[in-house]
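S.K.: Take this structure first; my questions come after.
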Amino acid sequence: MEAVVNATPLIALGITGHLELLPALFNQVYVPRSVYDEVVIGGDRPGGTAVQTADWLIITAPSQTSPIPVTLMGLDLGEQDVILLGQELQAGWLIIDERLGRRIAQAMGFPVKGTLGIFLVAHQLNLISQADALQAMQKLSHSSVRLSPRLIAWFKAQLLVK
């Protein structure tokens, strides 16, 4: 199964040291060129080095552009490119954390996961322990990645369901 990943999940997985979950969960992992540039070239982003050295990432640009300017949709260029590339590849999953990007992708029929969803699936498949998943969430909550109290509560409840 193929996945197309946006910037925040790449950064979050890099911060927590769990970027390698992506190739463990998906056969192919695509990153739009605009997203790669945002994470790796766009400054000293946390997780940027991990993304830059991940030789399993397939970095490519979508062949199409949106007829609607991204600013009118409220998306950033990376989110738009994730959706366009997902559409082009008929990807199995889009990995997006931002709420509007997730809503638009879901409205277009894509299955969507966020960073915490990746941790949950990895835990369900015994790739990481419950303690590791909780520790990763804690690390994110103390980083530049914003996690709402509601999202943290949901994650903890889902983690206990296994």
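Residues are referred to by chain and number: the chain letter is A, B, ... according to the order shown in the structure tokens, the number counts from 1 in that chain, and ligands are numbered separately from 1 in the order shown.
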Excluding same-chain residues fewer than 3 positions from stretch 128-141 of chain A, what lies within 6 Å of it counting only C-alpha atoms, as a PDB file with N, CA and C atoms, in the first residue's frame?
M.R.:
```
ATOM      1  N   THR A  16      10.326  12.324  17.236  1.00  0.00           N
ATOM      2  CA  THR A  16      10.174  11.211  18.182  1.00  0.00           C
ATOM      3  C   THR A  16      11.084  10.022  17.868  1.00  0.00           C
ATOM      4  N   PHE A 119       1.026   6.076  15.175  1.00  0.00           N
ATOM      5  CA  PHE A 119       1.465   5.425  16.418  1.00  0.00           C
ATOM      6  C   PHE A 119       0.484   4.330  16.841  1.00  0.00           C
ATOM      7  N   ALA A 122       0.860   1.329  14.511  1.00  0.00           N
ATOM      8  CA  ALA A 122       2.136   0.678  14.811  1.00  0.00           C
ATOM      9  C   ALA A 122       2.043  -0.127  16.106  1.00  0.00           C
ATOM     10  N   HIS A 123       1.338   0.403  17.087  1.00  0.00           N
ATOM     11  CA  HIS A 123       1.142  -0.331  18.344  1.00  0.00           C
ATOM     12  C   HIS A 123       0.276  -1.560  18.121  1.00  0.00           C
ATOM     13  N   VAL A 145       5.088  20.793  17.836  1.00  0.00           N
ATOM     14  CA  VAL A 145       3.882  20.186  17.265  1.00  0.00           C
ATOM     15  C   VAL A 145       2.735  20.371  18.256  1.00  0.00           C
ATOM     16  N   LEU A 147      -0.709  19.581  19.963  1.00  0.00           N
ATOM     17  CA  LEU A 147      -1.684  18.518  20.212  1.00  0.00           C
ATOM     18  C   LEU A 147      -2.720  19.066  21.186  1.00  0.00           C
TER      19      LEU A 147
END
```
S.K.: For A:Val51, please output as a list in words all residues within 9 Å (counting only C-alpha atoms; exclusion window: fewer than 3 positions along the same chain).
M.R.: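 In the requested format, the answer is Leu10, Ile11, Gly14, Leu19, Tyr36, Val39, Val40, Gly47, Gly48, Ala54, Asp55 and Leu57 of chain A.
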S.K.: Within 12 Å of A:Ala157, counting only C-alpha atoms, which residues qualify if same-chain residues fewer than 5 places away don't, as a ChimeraX atom specification?
M.R.: /A:116,120,130,134,150-152,162
S.K.: With distances taken over only C-alpha atoms, which of A:Gly109, A:Gly74, A:Gly86, A:Pro46 is nearest to A:Val29?
M.R.: A:Gly86
S.K.: As a PDB file with C-alpha atoms, in the first residue's frame, please: all residues of chain A that backbone DSSP puts in helix (DSSP H, G or I).
M.R.:
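Result file is out13.pdb:
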```pdb
ATOM      1  CA  ALA A   7       5.281  17.967   6.504  1.00  0.00           C
ATOM      2  CA  THR A   8       3.959  17.883  10.076  1.00  0.00           C
ATOM      3  CA  PRO A   9       3.816  14.070  10.315  1.00  0.00           C
ATOM      4  CA  LEU A  10       7.352  13.857   8.880  1.00  0.00           C
ATOM      5  CA  ILE A  11       8.591  16.400  11.416  1.00  0.00           C
ATOM      6  CA  ALA A  12       6.703  14.724  14.274  1.00  0.00           C
ATOM      7  CA  LEU A  13       7.965  11.242  13.420  1.00  0.00           C
ATOM      8  CA  GLY A  14      11.477  12.661  13.064  1.00  0.00           C
ATOM      9  CA  ILE A  15      11.265  14.408  16.452  1.00  0.00           C
ATOM     10  CA  THR A  16      10.174  11.211  18.182  1.00  0.00           C
ATOM     11  CA  LEU A  21       7.451   3.363  11.110  1.00  0.00           C
ATOM     12  CA  LEU A  22       6.403   4.633   7.690  1.00  0.00           C
ATOM     13  CA  PRO A  23       8.289   2.032   5.604  1.00  0.00           C
ATOM     14  CA  ALA A  24       7.257  -0.619   8.133  1.00  0.00           C
ATOM     15  CA  LEU A  25       3.585   0.240   7.566  1.00  0.00           C
ATOM     16  CA  ARG A  33       8.789  17.922  -3.523  1.00  0.00           C
ATOM     17  CA  SER A  34       7.197  21.005  -1.900  1.00  0.00           C
ATOM     18  CA  VAL A  35       6.825  19.110   1.406  1.00  0.00           C
ATOM     19  CA  TYR A  36      10.397  17.781   1.267  1.00  0.00           C
ATOM     20  CA  ASP A  37      11.707  21.293   0.615  1.00  0.00           C
ATOM     21  CA  GLU A  38       9.635  22.659   3.515  1.00  0.00           C
ATOM     22  CA  VAL A  39      11.030  20.080   5.941  1.00  0.00           C
ATOM     23  CA  VAL A  40      14.614  19.724   4.731  1.00  0.00           C
ATOM     24  CA  ILE A  41      15.539  22.880   2.833  1.00  0.00           C
ATOM     25  CA  GLY A  48      14.744  17.512   8.893  1.00  0.00           C
ATOM     26  CA  THR A  49      17.959  15.502   9.042  1.00  0.00           C
ATOM     27  CA  ALA A  50      16.056  12.247   9.572  1.00  0.00           C
ATOM     28  CA  VAL A  51      13.883  13.023   6.538  1.00  0.00           C
ATOM     29  CA  GLN A  52      16.901  13.990   4.441  1.00  0.00           C
ATOM     30  CA  VAL A  70      -4.381  27.167  -2.438  1.00  0.00           C
ATOM     31  CA  THR A  71      -5.057  30.359  -0.530  1.00  0.00           C
ATOM     32  CA  LEU A  72      -8.716  30.216  -1.533  1.00  0.00           C
ATOM     33  CA  MET A  73      -9.008  26.690  -0.154  1.00  0.00           C
ATOM     34  CA  LEU A  77       1.134  24.258  -0.904  1.00  0.00           C
ATOM     35  CA  GLY A  78       2.318  21.063   0.793  1.00  0.00           C
ATOM     36  CA  GLU A  79      -1.192  19.968   1.768  1.00  0.00           C
ATOM     37  CA  GLN A  80      -2.436  20.665  -1.742  1.00  0.00           C
ATOM     38  CA  ASP A  81       0.423  18.677  -3.250  1.00  0.00           C
ATOM     39  CA  VAL A  82      -0.195  15.745  -0.890  1.00  0.00           C
ATOM     40  CA  ILE A  83      -3.820  15.590  -2.042  1.00  0.00           C
ATOM     41  CA  LEU A  84      -2.937  16.035  -5.731  1.00  0.00           C
ATOM     42  CA  LEU A  85      -0.186  13.399  -5.572  1.00  0.00           C
ATOM     43  CA  GLY A  86      -2.473  11.057  -3.661  1.00  0.00           C
ATOM     44  CA  GLN A  87      -5.081  11.474  -6.369  1.00  0.00           C
ATOM     45  CA  GLU A  88      -2.546  10.890  -9.126  1.00  0.00           C
ATOM     46  CA  LEU A  89      -1.080   7.764  -7.478  1.00  0.00           C
ATOM     47  CA  ARG A  99      -7.541  19.635  10.305  1.00  0.00           C
ATOM     48  CA  LEU A 100      -8.563  21.421   7.079  1.00  0.00           C
ATOM     49  CA  GLY A 101      -6.252  19.290   4.935  1.00  0.00           C
ATOM     50  CA  ARG A 102      -7.658  16.142   6.538  1.00  0.00           C
ATOM     51  CA  ARG A 103     -11.247  17.267   5.958  1.00  0.00           C
ATOM     52  CA  ILE A 104     -10.664  18.077   2.304  1.00  0.00           C
ATOM     53  CA  ALA A 105      -8.819  14.790   1.712  1.00  0.00           C
ATOM     54  CA  GLN A 106     -11.591  12.821   3.428  1.00  0.00           C
ATOM     55  CA  ALA A 107     -14.245  14.676   1.423  1.00  0.00           C
ATOM     56  CA  THR A 115       0.845  11.139  13.348  1.00  0.00           C
ATOM     57  CA  LEU A 116      -1.005   9.774  16.370  1.00  0.00           C
ATOM     58  CA  GLY A 117      -2.927   7.423  14.086  1.00  0.00           C
ATOM     59  CA  ILE A 118       0.402   6.093  12.818  1.00  0.00           C
ATOM     60  CA  PHE A 119       1.465   5.425  16.418  1.00  0.00           C
ATOM     61  CA  LEU A 120      -1.816   3.596  17.077  1.00  0.00           C
ATOM     62  CA  VAL A 121      -1.525   1.356  14.022  1.00  0.00           C
ATOM     63  CA  ALA A 122       2.136   0.678  14.811  1.00  0.00           C
ATOM     64  CA  HIS A 123       1.142  -0.331  18.344  1.00  0.00           C
ATOM     65  CA  GLN A 124      -1.704  -2.545  17.088  1.00  0.00           C
ATOM     66  CA  GLN A 130       2.104   1.078  24.427  1.00  0.00           C
ATOM     67  CA  ALA A 131       4.757   2.785  26.573  1.00  0.00           C
ATOM     68  CA  ASP A 132       6.695   3.857  23.446  1.00  0.00           C
ATOM     69  CA  ALA A 133       3.522   5.257  21.868  1.00  0.00           C
ATOM     70  CA  LEU A 134       2.700   7.232  25.034  1.00  0.00           C
ATOM     71  CA  GLN A 135       6.271   8.474  25.308  1.00  0.00           C
ATOM     72  CA  ALA A 136       6.219   9.630  21.670  1.00  0.00           C
ATOM     73  CA  MET A 137       2.954  11.490  22.263  1.00  0.00           C
ATOM     74  CA  GLN A 138       4.445  13.124  25.373  1.00  0.00           C
ATOM     75  CA  LYS A 139       7.535  14.172  23.438  1.00  0.00           C
ATOM     76  CA  LEU A 140       5.361  15.734  20.755  1.00  0.00           C
ATOM     77  CA  SER A 141       3.232  17.564  23.313  1.00  0.00           C
ATOM     78  CA  PRO A 149      -6.114  18.120  25.030  1.00  0.00           C
ATOM     79  CA  ARG A 150      -9.050  16.465  23.215  1.00  0.00           C
ATOM     80  CA  LEU A 151      -6.684  14.765  20.752  1.00  0.00           C
ATOM     81  CA  ILE A 152      -4.431  13.561  23.574  1.00  0.00           C
ATOM     82  CA  ALA A 153      -7.445  12.123  25.440  1.00  0.00           C
ATOM     83  CA  TRP A 154      -8.659  10.383  22.264  1.00  0.00           C
ATOM     84  CA  PHE A 155      -5.197   8.923  21.648  1.00  0.00           C
ATOM     85  CA  LYS A 156      -4.892   7.570  25.179  1.00  0.00           C
ATOM     86  CA  ALA A 157      -8.377   6.020  25.023  1.00  0.00           C
ATOM     87  CA  GLN A 158      -7.637   4.387  21.649  1.00  0.00           C
ATOM     88  CA  LEU A 159      -4.292   3.110  22.857  1.00  0.00           C
ATOM     89  CA  LEU A 160      -5.994   1.275  25.707  1.00  0.00           C
ATOM     90  CA  VAL A 161      -8.473  -0.433  23.343  1.00  0.00           C
TER      91      VAL A 161
END
```
S.K.: From the DSSP assignment of the backbone, select every residue of chain A that is strand (DSSP E), and format the answer as a list in words.
M.R.: Glu2, Ala3, Val4, Val5, Gln28, Val29, Tyr30, Val31, Pro32, Leu57, Ile58, Ile59, Thr60, Trp93, Leu94, Ile95, Val112 and Lys113 of chain A
S.K.: I'd like the interatomic distance between atom CA of A:Val4 and atom CA of A:Thr65, to a tenth of an Å.
M.R.: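 Separating atom CA of A:Val4 from atom CA of A:Thr65 is a distance of 16.2 Å.
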S.K.: Nearest residue to A:Ala91 out of A:Ala3, A:Gly114, A:Asn126, A:Ser63, using only C-alpha atoms?
M.R.: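 Checking each candidate against A:Ala91, we get A:Ala3 as the closest.
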S.K.: What does the structure give for the distance between atom CA of A:Val31 and atom CA of A:Ile95, in Å to one decimal?
M.R.: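 One can read the atom CA of A:Val31 to atom CA of A:Ile95 distance as 10.0 Å.
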S.K.: Have a look at A:Leu125, A:His142, A:Arg45, A:Ser148 and name the one nearest to A:Glu98; count only C-alpha atoms.
M.R.: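 Once distances to A:Glu98 are computed over only C-alpha atoms, the minimum belongs to A:Ser148.
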S.K.: Would you compute the distance between atom CA of A:Leu94 and atom CA of A:Tyr30? Give it in Å to one decimal.
M.R.: 9.6 Å
